[in-house]
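Engineer: File follows, coords30.csv with CSV, C-alpha atoms:
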```csv
chain,number,residue,atom,x,y,z
A,1,ARG,CA,0.0,0.0,0.0
A,2,ILE,CA,2.8,2.4,0.7
A,3,ILE,CA,4.1,2.2,-2.9
A,4,ARG,CA,1.1,1.3,-4.9
A,5,GLY,CA,-1.7,2.8,-2.8
A,6,PRO,CA,-4.6,4.0,-5.0
A,7,SER,CA,-4.7,7.3,-3.2
A,8,LEU,CA,-2.6,9.5,-1.0
A,9,LEU,CA,-4.7,8.7,2.1
A,10,ASP,CA,-4.1,5.0,1.6
A,11,ARG,CA,-0.3,5.6,1.5
A,12,VAL,CA,-0.4,7.8,4.6
A,13,ILE,CA,-2.4,5.2,6.6
A,14,ALA,CA,0.1,2.5,5.5
A,15,VAL,CA,3.0,4.5,6.7
A,16,GLY,CA,1.2,5.1,10.0
A,17,VAL,CA,0.7,1.4,10.4
A,18,LEU,CA,4.4,0.7,9.6
A,19,LEU,CA,5.5,3.3,12.1
A,20,SER,CA,3.2,1.7,14.7
A,21,VAL,CA,4.7,-1.7,14.1
A,22,VAL,CA,8.3,-0.3,14.3
A,23,SER,CA,7.6,1.5,17.6
A,24,ALA,CA,5.9,-1.6,19.0
A,25,ALA,CA,9.0,-3.7,18.1
A,26,LEU,CA,11.3,-1.1,19.7
A,27,ILE,CA,9.1,-1.0,22.9
A,28,GLY,CA,9.1,-4.8,23.0
A,29,ASP,CA,12.9,-4.9,22.7
A,30,MET,CA,13.2,-2.3,25.5
A,31,ALA,CA,10.9,-4.4,27.7
A,32,VAL,CA,12.7,-7.7,27.1
A,33,ASN,CA,16.2,-6.3,27.5
A,34,ARG,CA,15.3,-3.9,30.3
A,35,HIS,CA,16.8,-0.8,28.9
A,36,GLN,CA,15.6,2.6,27.8
A,37,ASP,CA,18.1,3.3,25.0
A,38,ASN,CA,15.5,3.8,22.3
A,39,LEU,CA,13.0,5.8,24.3
A,40,ILE,CA,13.6,9.1,22.4
A,41,LEU,CA,13.4,7.3,19.1
A,42,VAL,CA,10.1,5.7,20.0
A,43,VAL,CA,8.7,9.1,21.1
A,44,ALA,CA,9.8,10.7,17.8
A,45,ILE,CA,8.3,7.8,15.7
A,46,CYS,CA,5.0,8.1,17.6
A,47,LEU,CA,4.9,11.9,17.1
A,48,VAL,CA,5.6,11.5,13.3
A,49,GLY,CA,3.1,8.7,13.1
A,50,PHE,CA,0.4,10.9,14.6
A,51,ILE,CA,1.2,14.4,13.2
A,52,GLY,CA,1.8,13.2,9.7
A,53,PRO,CA,-1.5,11.6,9.0
A,54,VAL,CA,-3.4,14.3,10.7
A,55,THR,CA,-1.7,17.0,8.6
A,56,VAL,CA,-2.3,15.1,5.4
A,57,ALA,CA,-6.0,14.5,6.3
A,58,ARG,CA,-6.4,18.3,7.0
A,59,PHE,CA,-4.8,19.1,3.7
A,60,VAL,CA,-7.0,16.7,1.8
A,61,ILE,CA,-10.2,18.0,3.5
A,62,ASP,CA,-9.2,21.6,2.8
A,63,ARG,CA,-8.5,20.8,-0.9
A,64,ARG,CA,-11.8,19.0,-1.3
A,65,ALA,CA,-13.7,22.0,0.3
A,66,HIS,CA,-12.2,24.3,-2.3
A,67,GLU,CA,-13.1,22.0,-5.2
A,68,HIS,CA,-16.9,22.2,-4.5
```
Could the structure of this file be written out as structure tokens, please?
Structural biologist:
Amino acid sequence: RIIRGPSLLDRVIAVGVLLSVVSAALIGDMAVNRHQDNLILVVAICLVGFIGPVTVARFVIDRRAHEH
């Protein structure tokens, strides 16, 4: 979906899911190995995973409002 998604929103959602899986894997690694080395990376990934799709969705909604 990231590469061949039929629309921009499909690609953004796929990237969000990928970032969620990566952050879950990093959190699992931190829990198993009892360290917090990747905590800043996980926070950054979660912020990008949240702010990116919200920004794109607002852009698409604004663009659609001007088309009609």
Engineer: Take atom CA of A:Val12 and atom CA of A:Leu47 and report the distance between them in Å, one decimal.
Structural biologist: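 According to the coordinates, atom CA of A:Val12 and atom CA of A:Leu47 are separated by 14.2 Å.
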Engineer: Write out as a list in words each polymer residue whose atoms come within 12 Å of A:Ile40, counting only C-alpha atoms; drop sequence neighbours fewer than 3 positions from it.
Structural biologist: Ser23, Leu26, Ile27, Met30, Gln36, Asp37, Val43, Ala44, Ile45, Cys46 and Leu47 of chain A
Engineer: Please indicate the distance in Å from atom CA of A:Gly49 to atom CA of A:Val15, rounded to one decimal place.
Structural biologist: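 So the answer is 7.7 Å.
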Engineer: Rank A:Val42, A:Val32, A:Val21, A:Leu9 by their smallest atom-to-atom distance to A:Val54, using all atoms listed in the file, and report the top residue only.
Structural biologist: A:Leu9
Engineer: Enumerate, as a PyMOL selection string, the protein, DNA and RNA residues whose atoms approach (2.2, -1.0, -1.8) to within 12 Å, taking into account only C-alpha atoms and the coordinate frame of the file.
Structural biologist: chain A and resi 1-8+10-15+18
Engineer: Work out how far apart atom CA of A:Leu41 and atom CA of A:Leu19 are and give it in Å to one decimal.
Structural biologist: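 Value for the atom CA of A:Leu41-atom CA of A:Leu19 distance: 11.3 Å.
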Engineer: Please complete stretch 48-59 of chain A with all heavy atoms and give it back as a short mmCIF file (atom, residue, chain, number, x, y, z; two decimals), in the coordinates of the input.
Structural biologist:
```
data_model
loop_
_atom_site.label_atom_id
_atom_site.label_comp_id
_atom_site.auth_asym_id
_atom_site.auth_seq_id
_atom_site.Cartn_x
_atom_site.Cartn_y
_atom_site.Cartn_z
N VAL A 48 5.71 11.50 14.80
CA VAL A 48 5.60 11.50 13.30
C VAL A 48 4.43 10.71 12.87
O VAL A 48 3.70 11.11 11.96
CB VAL A 48 6.93 11.06 12.70
CG1 VAL A 48 6.76 10.86 11.20
CG2 VAL A 48 8.04 12.05 12.98
N GLY A 49 4.22 9.55 13.50
CA GLY A 49 3.10 8.70 13.10
C GLY A 49 1.75 9.32 13.41
O GLY A 49 0.76 8.95 12.79
N PHE A 50 1.69 10.26 14.35
CA PHE A 50 0.40 10.90 14.60
C PHE A 50 0.27 12.22 13.85
O PHE A 50 -0.76 12.46 13.23
CB PHE A 50 0.32 11.23 16.14
CG PHE A 50 -0.89 12.03 16.49
CD1 PHE A 50 -2.14 11.45 16.50
CD2 PHE A 50 -0.79 13.37 16.81
CE1 PHE A 50 -3.27 12.18 16.82
CE2 PHE A 50 -1.91 14.12 17.12
CZ PHE A 50 -3.16 13.52 17.13
N ILE A 51 1.30 13.05 13.87
CA ILE A 51 1.20 14.40 13.20
C ILE A 51 1.13 14.27 11.71
O ILE A 51 0.41 15.03 11.07
CB ILE A 51 2.38 15.26 13.69
CG1 ILE A 51 2.23 15.56 15.17
CG2 ILE A 51 2.44 16.56 12.90
CD1 ILE A 51 3.42 16.27 15.78
N GLY A 52 1.84 13.33 11.12
CA GLY A 52 1.80 13.20 9.70
C GLY A 52 0.47 12.91 9.08
O GLY A 52 0.00 13.67 8.22
N PRO A 53 -0.21 11.85 9.51
CA PRO A 53 -1.50 11.60 9.00
C PRO A 53 -2.57 12.66 9.25
O PRO A 53 -3.41 12.96 8.42
CB PRO A 53 -1.95 10.26 9.63
CG PRO A 53 -0.67 9.62 10.00
CD PRO A 53 0.27 10.72 10.32
N VAL A 54 -2.49 13.28 10.42
CA VAL A 54 -3.40 14.30 10.70
C VAL A 54 -3.22 15.53 9.80
O VAL A 54 -4.18 16.12 9.30
CB VAL A 54 -3.27 14.78 12.22
CG1 VAL A 54 -4.03 16.06 12.51
CG2 VAL A 54 -3.74 13.66 13.14
N THR A 55 -1.97 15.87 9.54
CA THR A 55 -1.70 17.00 8.60
C THR A 55 -2.14 16.69 7.22
O THR A 55 -2.75 17.54 6.56
CB THR A 55 -0.16 17.27 8.64
OG1 THR A 55 0.25 17.51 9.98
CG2 THR A 55 0.18 18.44 7.77
N VAL A 56 -1.88 15.49 6.74
CA VAL A 56 -2.30 15.10 5.40
C VAL A 56 -3.83 15.11 5.29
O VAL A 56 -4.40 15.57 4.30
CB VAL A 56 -1.69 13.79 4.96
CG1 VAL A 56 -2.29 13.29 3.67
CG2 VAL A 56 -0.19 13.92 4.83
N ALA A 57 -4.49 14.59 6.31
CA ALA A 57 -6.00 14.50 6.30
C ALA A 57 -6.54 15.95 6.27
O ALA A 57 -7.50 16.22 5.54
CB ALA A 57 -6.47 13.78 7.50
N ARG A 58 -5.96 16.86 7.03
CA ARG A 58 -6.40 18.30 7.00
C ARG A 58 -6.21 18.89 5.65
O ARG A 58 -7.04 19.64 5.15
CB ARG A 58 -5.75 19.07 8.10
CG ARG A 58 -6.22 18.70 9.49
CD ARG A 58 -5.55 19.57 10.50
NE ARG A 58 -5.81 20.97 10.22
CZ ARG A 58 -6.42 21.79 11.03
NH1 ARG A 58 -6.85 21.35 12.19
NH2 ARG A 58 -6.61 23.05 10.71
N PHE A 59 -5.07 18.59 5.03
CA PHE A 59 -4.80 19.10 3.70
C PHE A 59 -5.78 18.60 2.68
O PHE A 59 -6.28 19.35 1.86
CB PHE A 59 -3.35 18.75 3.29
CG PHE A 59 -3.03 19.06 1.87
CD1 PHE A 59 -2.85 20.38 1.46
CD2 PHE A 59 -2.90 18.06 0.93
CE1 PHE A 59 -2.56 20.67 0.14
CE2 PHE A 59 -2.62 18.33 -0.39
CZ PHE A 59 -2.45 19.65 -0.79
#
```
